Each structure stands twice: as structure tokens, then as C-alpha cells.
file data-v6.pdb (PDB, C-alpha atoms and all ligand atoms)
ATOM      1  CA  MET O   1     -37.732-134.614-111.964
ATOM      2  CA  THR O   2     -34.180-135.545-110.963
ATOM      3  CA  PRO O   3     -32.224-132.464-109.835
ATOM      4  CA  PRO O   4     -29.156-132.126-112.056
ATOM      5  CA  SER O   5     -25.950-133.800-110.930
ATOM      6  CA  ARG O   6     -23.028-131.392-110.794
ATOM      7  CA  LEU O   7     -20.394-132.775-113.136
ATOM      8  CA  ALA O   8     -16.690-131.960-113.443
ATOM      9  CA  VAL O   9     -15.107-132.983-116.756
ATOM     10  CA  LEU O  10     -11.374-133.646-117.092
ATOM     11  CA  ILE O  11      -9.844-133.203-120.530
ATOM     12  CA  SER O  12      -6.493-133.013-122.291
ATOM     13  CA  GLY O  13      -7.466-132.233-125.855
ATOM     14  CA  GLY O  14     -10.137-131.327-128.356
ATOM     15  CA  GLY O  15     -13.064-131.954-126.069
ATOM     16  CA  THR O  16     -15.576-133.330-128.568
ATOM     17  CA  ASN O  17     -16.948-135.629-125.865
ATOM     18  CA  LEU O  18     -17.140-132.680-123.500
ATOM     19  CA  GLN O  19     -19.122-130.834-126.174
ATOM     20  CA  ALA O  20     -21.534-133.743-126.591
ATOM     21  CA  ILE O  21     -22.107-133.779-122.817
ATOM     22  CA  ILE O  22     -22.602-130.002-122.670
ATOM     23  CA  ASP O  23     -25.052-130.180-125.592
ATOM     24  CA  ALA O  24     -27.084-133.065-124.155
ATOM     25  CA  ALA O  25     -27.265-131.275-120.800
ATOM     26  CA  SER O  26     -28.284-127.954-122.313
ATOM     27  CA  ARG O  27     -30.985-129.654-124.407
ATOM     28  CA  GLY O  28     -32.316-131.030-121.130
ATOM     29  CA  GLU O  29     -31.786-134.635-122.219
ATOM     30  CA  ILE O  30     -29.753-135.564-119.156
ATOM     31  CA  PRO O  31     -30.022-134.275-115.574
ATOM     32  CA  VAL O  32     -26.441-133.063-115.557
ATOM     33  CA  GLU O  33     -24.890-129.648-115.128
ATOM     34  CA  VAL O  34     -21.271-129.299-116.182
ATOM     35  CA  VAL O  35     -19.895-127.084-113.426
ATOM     36  CA  SER O  36     -16.200-127.238-114.198
ATOM     37  CA  VAL O  37     -13.745-128.335-116.866
ATOM     38  CA  ILE O  38     -10.204-129.150-115.807
ATOM     39  CA  SER O  39      -7.370-129.650-118.275
ATOM     40  CA  ASP O  40      -3.771-130.693-117.791
ATOM     41  CA  GLN O  41      -2.994-129.062-121.154
ATOM     42  CA  PRO O  42      -3.161-125.253-121.215
ATOM     43  CA  GLU O  43      -3.818-125.241-124.983
ATOM     44  CA  ALA O  44      -6.561-127.864-125.018
ATOM     45  CA  TYR O  45      -9.332-126.737-127.373
ATOM     46  CA  GLY O  46     -11.870-128.200-124.966
ATOM     47  CA  LEU O  47     -11.139-125.256-122.648
ATOM     48  CA  ARG O  48     -12.458-122.890-125.362
ATOM     49  CA  ARG O  49     -15.577-125.030-125.685
ATOM     50  CA  ALA O  50     -16.153-124.706-121.939
ATOM     51  CA  GLU O  51     -15.621-120.944-121.995
ATOM     52  CA  LYS O  52     -18.087-120.589-124.876
ATOM     53  CA  ALA O  53     -20.633-122.460-122.798
ATOM     54  CA  GLY O  54     -19.949-120.247-119.775
ATOM     55  CA  ILE O  55     -18.411-123.072-117.753
ATOM     56  CA  ALA O  56     -15.605-122.398-115.269
ATOM     57  CA  THR O  57     -12.243-123.833-116.299
ATOM     58  CA  ARG O  58      -9.097-124.812-114.426
ATOM     59  CA  ILE O  59      -5.696-125.693-115.842
ATOM     60  CA  LEU O  60      -3.454-128.020-113.892
ATOM     61  CA  SER O  61      -0.353-128.606-115.955
ATOM     62  CA  ALA O  62       1.907-131.428-114.827
ATOM     63  CA  ARG O  63       4.865-129.096-115.091
ATOM     64  CA  GLY O  64       6.189-128.191-111.671
ATOM     65  CA  TYR O  65       4.850-131.307-109.974
ATOM     66  CA  ALA O  66       7.547-133.653-108.748
ATOM     67  CA  ASP O  67       5.643-136.847-109.461
ATOM     68  CA  ARG O  68       2.257-138.382-110.084
ATOM     69  CA  ASP O  69       1.274-138.492-106.412
ATOM     70  CA  VAL O  70       1.953-134.805-105.891
ATOM     71  CA  TYR O  71       0.026-133.924-109.050
ATOM     72  CA  ASP O  72      -2.890-136.095-108.045
ATOM     73  CA  ARG O  73      -3.026-134.513-104.597
ATOM     74  CA  ALA O  74      -3.278-131.087-106.269
ATOM     75  CA  LEU O  75      -5.970-132.374-108.633
ATOM     76  CA  GLY O  76      -7.796-133.951-105.700
ATOM     77  CA  ALA O  77      -7.742-130.625-103.844
ATOM     78  CA  ILE O  78      -9.265-128.857-106.860
ATOM     79  CA  LEU O  79     -11.981-131.489-107.138
ATOM     80  CA  ASP O  80     -12.710-131.227-103.409
ATOM     81  CA  GLU O  81     -13.061-127.491-103.800
ATOM     82  CA  ILE O  82     -15.438-127.824-106.759
ATOM     83  CA  ASP O  83     -17.245-130.626-104.941
ATOM     84  CA  PRO O  84     -19.056-132.121-107.939
ATOM     85  CA  ASP O  85     -21.412-135.087-107.661
ATOM     86  CA  LEU O  86     -19.760-136.845-110.605
ATOM     87  CA  VAL O  87     -16.473-136.693-112.503
ATOM     88  CA  ALA O  88     -16.089-137.611-116.180
ATOM     89  CA  LEU O  89     -12.699-138.230-117.753
ATOM     90  CA  ALA O  90     -13.156-137.283-121.403
ATOM     91  CA  GLY O  91      -9.881-137.689-123.233
ATOM     92  CA  PHE O  92      -7.903-136.951-120.046
ATOM     93  CA  MET O  93      -4.582-138.539-120.934
ATOM     94  CA  ARG O  94      -3.111-139.038-117.470
ATOM     95  CA  ILE O  95      -3.091-142.073-115.252
ATOM     96  CA  LEU O  96      -4.687-141.317-111.884
ATOM     97  CA  THR O  97      -3.361-142.820-108.669
ATOM     98  CA  GLY O  98      -5.091-144.914-106.025
ATOM     99  CA  PRO O  99      -6.185-142.424-103.337
ATOM    100  CA  LEU O 100      -7.775-140.005-105.811
ATOM    101  CA  VAL O 101      -9.525-142.807-107.658
ATOM    102  CA  GLN O 102     -10.672-144.319-104.379
ATOM    103  CA  ARG O 103     -12.142-141.003-103.261
ATOM    104  CA  TRP O 104     -14.331-140.887-106.392
ATOM    105  CA  ARG O 105     -15.074-144.579-106.609
ATOM    106  CA  GLY O 106     -18.460-145.147-108.207
ATOM    107  CA  ARG O 107     -18.721-141.502-109.205
ATOM    108  CA  MET O 108     -15.911-141.230-111.770
ATOM    109  CA  LEU O 109     -16.287-142.471-115.364
ATOM    110  CA  ASN O 110     -13.853-142.790-118.245
ATOM    111  CA  VAL O 111     -14.261-143.352-121.963
ATOM    112  CA  HIS O 112     -11.669-145.606-123.532
ATOM    113  CA  PRO O 113     -11.527-146.283-127.278
ATOM    114  CA  SER O 114     -11.445-150.076-127.306
ATOM    115  CA  LEU O 115     -13.617-153.024-126.454
ATOM    116  CA  LEU O 116     -12.224-153.464-122.950
ATOM    117  CA  PRO O 117     -10.615-155.549-121.554
ATOM    118  CA  GLY O 118      -8.885-155.634-124.943
ATOM    119  CA  TYR O 119      -6.449-152.920-125.942
ATOM    120  CA  ARG O 120      -5.930-150.932-122.775
ATOM    121  CA  GLY O 121      -3.518-148.011-123.030
ATOM    122  CA  LEU O 122      -2.617-145.818-125.977
ATOM    123  CA  HIS O 123      -2.912-145.963-129.797
ATOM    124  CA  THR O 124      -5.791-148.397-129.757
ATOM    125  CA  HIS O 125      -6.917-147.793-133.364
ATOM    126  CA  ARG O 126      -3.423-148.459-134.706
ATOM    127  CA  ARG O 127      -2.958-151.576-132.614
ATOM    128  CA  VAL O 128      -6.361-152.967-133.564
ATOM    129  CA  LEU O 129      -5.608-152.446-137.285
ATOM    130  CA  GLU O 130      -2.135-153.983-136.953
ATOM    131  CA  ALA O 131      -3.602-157.025-135.255
ATOM    132  CA  GLY O 132      -6.065-157.512-138.125
ATOM    133  CA  GLU O 133      -9.104-157.412-135.845
ATOM    134  CA  SER O 134     -12.543-157.409-137.434
ATOM    135  CA  LEU O 135     -14.252-155.643-134.524
ATOM    136  CA  HIS O 136     -13.383-152.500-132.603
ATOM    137  CA  GLY O 137     -15.264-150.163-130.320
ATOM    138  CA  THR O 138     -15.289-147.948-127.303
ATOM    139  CA  SER O 139     -16.163-148.412-123.643
ATOM    140  CA  ILE O 140     -17.499-146.357-120.762
ATOM    141  CA  HIS O 141     -16.288-147.668-117.423
ATOM    142  CA  PHE O 142     -16.055-146.777-113.769
ATOM    143  CA  VAL O 143     -12.537-145.680-112.890
ATOM    144  CA  THR O 144     -10.547-147.837-110.508
ATOM    145  CA  ALA O 145      -6.850-147.906-109.670
ATOM    146  CA  GLU O 146      -6.223-150.386-112.487
ATOM    147  CA  LEU O 147      -5.514-148.555-115.772
ATOM    148  CA  ASP O 148      -8.559-148.867-118.075
ATOM    149  CA  GLY O 149      -9.564-151.720-115.809
ATOM    150  CA  GLY O 150     -12.684-150.639-113.889
ATOM    151  CA  PRO O 151     -16.091-152.251-114.381
ATOM    152  CA  VAL O 152     -17.428-151.528-117.867
ATOM    153  CA  ILE O 153     -20.945-150.132-118.102
ATOM    154  CA  ALA O 154     -21.529-149.864-121.845
ATOM    155  CA  GLN O 155     -19.776-150.473-125.117
ATOM    156  CA  ALA O 156     -20.301-149.430-128.708
ATOM    157  CA  ARG O 157     -19.036-152.002-131.166
ATOM    158  CA  LEU O 158     -18.235-151.510-134.817
ATOM    159  CA  LYS O 159     -17.131-153.702-137.685
ATOM    160  CA  ILE O 160     -13.824-152.673-139.182
ATOM    161  CA  ARG O 161     -14.284-152.009-142.913
ATOM    162  CA  PRO O 162     -11.737-152.630-145.627
ATOM    163  CA  GLY O 163      -9.879-149.366-146.080
ATOM    164  CA  ASP O 164     -10.438-148.183-142.498
ATOM    165  CA  THR O 165      -7.507-146.153-141.182
ATOM    166  CA  GLU O 166      -6.656-144.782-137.754
ATOM    167  CA  ASP O 167      -8.394-141.566-138.804
ATOM    168  CA  SER O 168     -11.554-143.192-140.072
ATOM    169  CA  LEU O 169     -11.777-145.390-136.977
ATOM    170  CA  ASN O 170     -11.264-142.342-134.793
ATOM    171  CA  ARG O 171     -14.132-140.552-136.545
ATOM    172  CA  ARG O 172     -16.468-143.529-136.301
ATOM    173  CA  ILE O 173     -15.547-144.209-132.674
ATOM    174  CA  GLN O 174     -16.002-140.610-131.628
ATOM    175  CA  ALA O 175     -19.433-140.401-133.261
ATOM    176  CA  LEU O 176     -20.435-143.341-131.060
ATOM    177  CA  GLU O 177     -18.869-141.874-127.935
ATOM    178  CA  HIS O 178     -20.861-138.688-128.485
ATOM    179  CA  ARG O 179     -24.065-140.739-128.160
ATOM    180  CA  MET O 180     -22.940-143.172-125.517
ATOM    181  CA  TYR O 181     -21.114-140.964-123.012
ATOM    182  CA  PRO O 182     -23.989-138.515-122.392
ATOM    183  CA  ALA O 183     -26.425-141.437-122.244
ATOM    184  CA  VAL O 184     -24.421-143.296-119.608
ATOM    185  CA  LEU O 185     -23.891-140.106-117.592
ATOM    186  CA  GLY O 186     -27.650-139.642-117.696
ATOM    187  CA  TRP O 187     -28.158-143.173-116.313
ATOM    188  CA  LEU O 188     -25.656-142.467-113.524
ATOM    189  CA  ALA O 189     -27.187-139.087-112.711
ATOM    190  CA  ARG O 190     -30.661-140.644-112.526
ATOM    191  CA  GLY O 191     -29.354-143.347-110.204
ATOM    192  CA  ARG O 192     -30.147-146.091-112.742
ATOM    193  CA  VAL O 193     -26.555-147.291-112.795
ATOM    194  CA  ARG O 194     -24.368-147.915-109.752
ATOM    195  CA  MET O 195     -21.071-149.533-108.956
ATOM    196  CA  VAL O 196     -21.595-152.349-106.477
ATOM    197  CA  GLY O 197     -18.322-153.901-105.352
ATOM    198  CA  ASP O 198     -16.516-154.525-108.613
ATOM    199  CA  HIS O 199     -19.723-154.861-110.572
ATOM    200  CA  VAL O 200     -22.195-152.656-112.362
ATOM    201  CA  GLU O 201     -25.837-152.593-111.399
ATOM    202  CA  ILE O 202     -28.399-151.234-113.843
ATOM    203  CA  ASP O 203     -31.998-150.754-112.777
ATOM    204  CA  GLY O 204     -31.383-152.970-109.759
ATOM    205  CA  ARG O 205     -29.848-155.823-111.779
ATOM    206  CA  LEU O 206     -26.187-156.801-111.623
ATOM    207  CA  LEU O 207     -24.685-156.862-115.105
ATOM    208  CA  GLU O 208     -22.806-159.986-116.088
ATOM    209  CA  GLY O 209     -21.021-158.052-118.817
ATOM    210  CA  PRO O 210     -21.221-154.595-120.338
ATOM    211  CA  LEU O 211     -24.260-153.427-122.270
ATOM    212  CA  VAL O 212     -23.056-153.817-125.839
ATOM    213  CA  ARG O 213     -24.706-152.082-128.749
ATOM    214  CA  ASP O 214     -23.570-152.061-132.352
ATOM    215  CA  GLU O 215     -22.671-148.917-134.213
ATOM    216  CA  GLU O 216     -25.997-148.718-136.069
ATOM    217  CA  GLU O 217     -27.946-149.081-132.861
ATOM    218  CA  TRP O 218     -26.089-146.285-131.062
ATOM    219  CA  LEU O 219     -26.407-144.021-134.101
ATOM    220  CA  ARG O 220     -30.155-144.669-134.247
ATOM    221  CA  SER O 221     -30.631-144.217-130.528
ATOM    222  CA  SER O 222     -31.901-140.941-129.214
ATOM    223  CA  GLU O 223     -31.747-142.232-125.684
ATOM    224  CA  ALA O 224     -30.001-140.240-123.050
TER     225      ALA O 224
HETATM  226  C1  LIG O 301     -11.746-140.019-127.149
HETATM  227  O1  LIG O 301     -11.979-140.646-128.361
HETATM  228  C2  LIG O 301     -11.469-141.013-126.043
HETATM  229  O2  LIG O 301     -11.977-142.278-126.328
HETATM  230  C3  LIG O 301      -9.965-141.045-126.021
HETATM  231  O3  LIG O 301      -9.558-139.758-126.311
HETATM  232  C4  LIG O 301     -10.492-139.158-127.184
HETATM  233  C5  LIG O 301     -10.726-137.733-126.711
HETATM  234  O4  LIG O 301     -11.428-137.002-127.659
HETATM  235  N1  LIG O 301      -9.531-141.455-124.720
HETATM  236  C6  LIG O 301      -8.434-142.167-124.486
HETATM  237  O5  LIG O 301      -7.689-142.520-125.365
HETATM  238  C7  LIG O 301      -8.192-142.485-123.026
HETATM  239  N2  LIG O 301      -7.157-143.454-122.894
HETATM  240  P1  LIG O 301     -12.117-135.622-127.308
HETATM  241  O6  LIG O 301     -11.079-134.756-126.595
HETATM  242  O7  LIG O 301     -12.462-135.034-128.647
HETATM  243  O8  LIG O 301     -13.317-135.900-126.459
END
call {"tool": "encode", "arguments": {"input": "data-v6.pdb", "output": "C-alpha cells"}}
result
Amino acid sequence: MTPPSRLAVLISGGGTNLQAIIDAASRGEIPVEVVSVISDQPEAYGLRRAEKAGIATRILSARGYADRDVYDRALGAILDEIDPDLVALAGFMRILTGPLVQRWRGRMLNVHPSLLPGYRGLHTHRRVLEAGESLHGTSIHFVTAELDGGPVIAQARLKIRPGDTEDSLNRRIQALEHRMYPAVLGWLARGRVRMVGDHVEIDGRLLEGPLVRDEEEWLRSSEA
């Protein structure tokens, strides 16, 4: 059996992805132990989720930090103190700078609600609808210094339906993230997935592109 990887999760908001990770770990589906939850937002509901699960929390508000570099040094010091094996950004709405990202290279994942490399940045559901796209989705990728630009491991893809709104897309996307994020963390914790240079290796094979599954497939999957 793989000993659990100690995971720190960074959040800014509701923490539904955090909850999915906590639940998958506590059901024993993935060899992961969430050891700390860090939020830049003192009111983030995800902090309550962590407390309910008995997980230590830290708040690092950006207030009082002169700039991004100073903030990231403080965040880096907290992470060094916690010393997790892996770090998951789960709705953490800050851009991280080079040295911190470099320190965690290959061990830090992010979930971004678009089919990367399309629609980096904010308000992806709105922008996808405005552009009249027929497909949308969400991606799990290794974090690099380029915003939403690191190698993508897996994607969940959905067909936009007539009548979809930002809210409905958000609900559909999050349901997929709740399957996909724990699953990918499980692969990383088991050593099945690695970052090699700027590429992703899965089970010893370099990926030419992300593993893409459609909505129905992720919803059917019980894999973690
Ligand atoms: C998630 O849907 C994630 O894709 C998005 O924030 C949401 C957080 O939800 N992330 C980004 O937009 C990152 N740029 P949660 O707090 O309920 O997990």
C-alpha cells in the first residue's frame, strides 16, 4: 500500500473541490492526507469545511503585504513549515510568483475551469458563452510560472447546451472537478503521474496531450 502523501490545499472560497478531496481521502480512495488548508480569504467557507474535518487551517490575507513577492515569500515560509509532499490549488485566486512555483515544481497542481490552453484567467464561463463556443471544460495542470500555463494532466470536456448560463456551466464544471481532481491527486500520490521537463508522464509514458474525458465518462467513473 502507498503511504499517504501529505497534502496542503490552498483556497480562496467555497472549497467544494477541497471537500471532494477530503471525502475521497477519508473514504480511502486516494493515498492522500490533507494536512493543512491555507486561505488568503479569512471568510472563505472552505476554512469551515477544513475545521469540520479536523484539518489545521492557516489564513494569509494579502493585506499588509507590500507586493506579490513579499506575500509569496510568507506563503512559501508557511509551506516550508508544513512541509507537505504535495500542494493543491483549489480555487486559490492568486497568481504565484516564480521562486515559490519553482520550489514546488512537479508537486503543485491547479484546477482551472477551461479547456487549456484556451481561456486562461478569470470569468471563463462568461467568456466561453460570449464567444459562442460549443465545448467547454476544466483542466488539472502542474503549476509553472506561466499563469494557467503548466503542463496539463487531465481535462473534463462538456458540450454547451442551449440555455446554459454561467451558473449552469459552473455547476456542471464543478461536478466534473469533484471527480477529476481527487483522481489526479491519487495518480500523483501513487507516483503514476510525474512532470518530466515540461511534459507529463503517466505510467512511464510521455503524454502528447492531456487525458481528455467527456462529461458522461467522468460522471460514470469511480476511479480515483
Ligand atoms: C473551481 O471551479 C475552480 O475551477 C476555479 O474556482 C472554483 C473554486 O471552487 N478556479 C479558478 O478559477 C482558478 N483560476 P471551490 O472553492 O468550490 O472548489
call {"tool": "axis_aligned_box", "arguments": {"input": "data-v6.pdb", "around": "segment 18-34 of chain O", "padding_each_side": "4 Å", "output": "AutoDock Vina command-line options"}}
result
--center_x -24.7 --center_y -131.8 --center_z -120.9 --size_x 23.2 --size_y 15.6 --size_z 19.5
call {"tool": "residues_near_ligand", "arguments": {"input": "data-v6.pdb", "ligand": "ligand LIG 301 (chain O)", "cutoff": "6 Å", "atoms": "all atoms listed in the file", "output": "PyMOL selection string"}}
result
chain O and resi 13-18+90-91+93+111-113+121-122+174
call {"tool": "residues_near_point", "arguments": {"input": "data-v6.pdb", "point": "(-9.6, -132.9, -117.5)", "cutoff": "9 Å", "atoms": "all atoms listed in the file", "output": "ChimeraX atom specification"}}
result
/O:8-13,37-41,58-60,88-94
call {"tool": "write_last_selection", "arguments": {"input": "data-v6.pdb", "atoms": "C-alpha atoms", "output": "PDB file, keeping the file's coordinate frame"}}
result
ATOM      1  CA  ALA O   8     -16.690-131.960-113.443  1.00  0.00           C
ATOM      2  CA  VAL O   9     -15.107-132.983-116.756  1.00  0.00           C
ATOM      3  CA  LEU O  10     -11.374-133.646-117.092  1.00  0.00           C
ATOM      4  CA  ILE O  11      -9.844-133.203-120.530  1.00  0.00           C
ATOM      5  CA  SER O  12      -6.493-133.013-122.291  1.00  0.00           C
ATOM      6  CA  GLY O  13      -7.466-132.233-125.855  1.00  0.00           C
ATOM      7  CA  VAL O  37     -13.745-128.335-116.866  1.00  0.00           C
ATOM      8  CA  ILE O  38     -10.204-129.150-115.807  1.00  0.00           C
ATOM      9  CA  SER O  39      -7.370-129.650-118.275  1.00  0.00           C
ATOM     10  CA  ASP O  40      -3.771-130.693-117.791  1.00  0.00           C
ATOM     11  CA  GLN O  41      -2.994-129.062-121.154  1.00  0.00           C
ATOM     12  CA  ARG O  58      -9.097-124.812-114.426  1.00  0.00           C
ATOM     13  CA  ILE O  59      -5.696-125.693-115.842  1.00  0.00           C
ATOM     14  CA  LEU O  60      -3.454-128.020-113.892  1.00  0.00           C
ATOM     15  CA  ALA O  88     -16.089-137.611-116.180  1.00  0.00           C
ATOM     16  CA  LEU O  89     -12.699-138.230-117.753  1.00  0.00           C
ATOM     17  CA  ALA O  90     -13.156-137.283-121.403  1.00  0.00           C
ATOM     18  CA  GLY O  91      -9.881-137.689-123.233  1.00  0.00           C
ATOM     19  CA  PHE O  92      -7.903-136.951-120.046  1.00  0.00           C
ATOM     20  CA  MET O  93      -4.582-138.539-120.934  1.00  0.00           C
ATOM     21  CA  ARG O  94      -3.111-139.038-117.470  1.00  0.00           C
TER      22      ARG O  94
END
call {"tool": "residues_around", "arguments": {"input": "data-v6.pdb", "residues": "segment 128-140 of chain O", "least_positions_apart": "3", "cutoff": "10 Å", "atoms": "only C-alpha atoms", "output": "ChimeraX atom specification"}}
result
/O:88-89,109-119,123-125,143,148,150-162,164-166,169-170,172-174,176-177,180-181,184-185,210-215
call {"tool": "atom_distance", "arguments": {"input": "data-v6.pdb", "atom1": "atom CA of Ser5 of chain O", "atom2": "atom CA of Lys52 of chain O"}}
result
20.8 Å
call {"tool": "resolve_selection", "arguments": {"input": "data-v6.pdb", "expression": "the PyMOL selection byres (((chain O and resi 222) around 10) and not hetatm)", "output": "PyMOL selection string"}}
result
chain O and resi 29+179-180+183+217-221+223-224
call {"tool": "resolve_selection", "arguments": {"input": "data-v6.pdb", "expression": "the PyMOL selection byres (((chain O and resi 72) around 12) and not hetatm)", "output": "PDB file with C-alpha atoms, in the coordinates of the input"}}
result
ATOM      1  CA  ASP O  40      -3.771-130.693-117.791  1.00  0.00           C
ATOM      2  CA  LEU O  60      -3.454-128.020-113.892  1.00  0.00           C
ATOM      3  CA  SER O  61      -0.353-128.606-115.955  1.00  0.00           C
ATOM      4  CA  ALA O  62       1.907-131.428-114.827  1.00  0.00           C
ATOM      5  CA  TYR O  65       4.850-131.307-109.974  1.00  0.00           C
ATOM      6  CA  ALA O  66       7.547-133.653-108.748  1.00  0.00           C
ATOM      7  CA  ASP O  67       5.643-136.847-109.461  1.00  0.00           C
ATOM      8  CA  ARG O  68       2.257-138.382-110.084  1.00  0.00           C
ATOM      9  CA  ASP O  69       1.274-138.492-106.412  1.00  0.00           C
ATOM     10  CA  VAL O  70       1.953-134.805-105.891  1.00  0.00           C
ATOM     11  CA  TYR O  71       0.026-133.924-109.050  1.00  0.00           C
ATOM     12  CA  ARG O  73      -3.026-134.513-104.597  1.00  0.00           C
ATOM     13  CA  ALA O  74      -3.278-131.087-106.269  1.00  0.00           C
ATOM     14  CA  LEU O  75      -5.970-132.374-108.633  1.00  0.00           C
ATOM     15  CA  GLY O  76      -7.796-133.951-105.700  1.00  0.00           C
ATOM     16  CA  ALA O  77      -7.742-130.625-103.844  1.00  0.00           C
ATOM     17  CA  ILE O  78      -9.265-128.857-106.860  1.00  0.00           C
ATOM     18  CA  LEU O  79     -11.981-131.489-107.138  1.00  0.00           C
ATOM     19  CA  ASP O  80     -12.710-131.227-103.409  1.00  0.00           C
ATOM     20  CA  ARG O  94      -3.111-139.038-117.470  1.00  0.00           C
ATOM     21  CA  ILE O  95      -3.091-142.073-115.252  1.00  0.00           C
ATOM     22  CA  LEU O  96      -4.687-141.317-111.884  1.00  0.00           C
ATOM     23  CA  THR O  97      -3.361-142.820-108.669  1.00  0.00           C
ATOM     24  CA  GLY O  98      -5.091-144.914-106.025  1.00  0.00           C
ATOM     25  CA  PRO O  99      -6.185-142.424-103.337  1.00  0.00           C
ATOM     26  CA  LEU O 100      -7.775-140.005-105.811  1.00  0.00           C
ATOM     27  CA  VAL O 101      -9.525-142.807-107.658  1.00  0.00           C
ATOM     28  CA  GLN O 102     -10.672-144.319-104.379  1.00  0.00           C
ATOM     29  CA  ARG O 103     -12.142-141.003-103.261  1.00  0.00           C
TER      30      ARG O 103
END
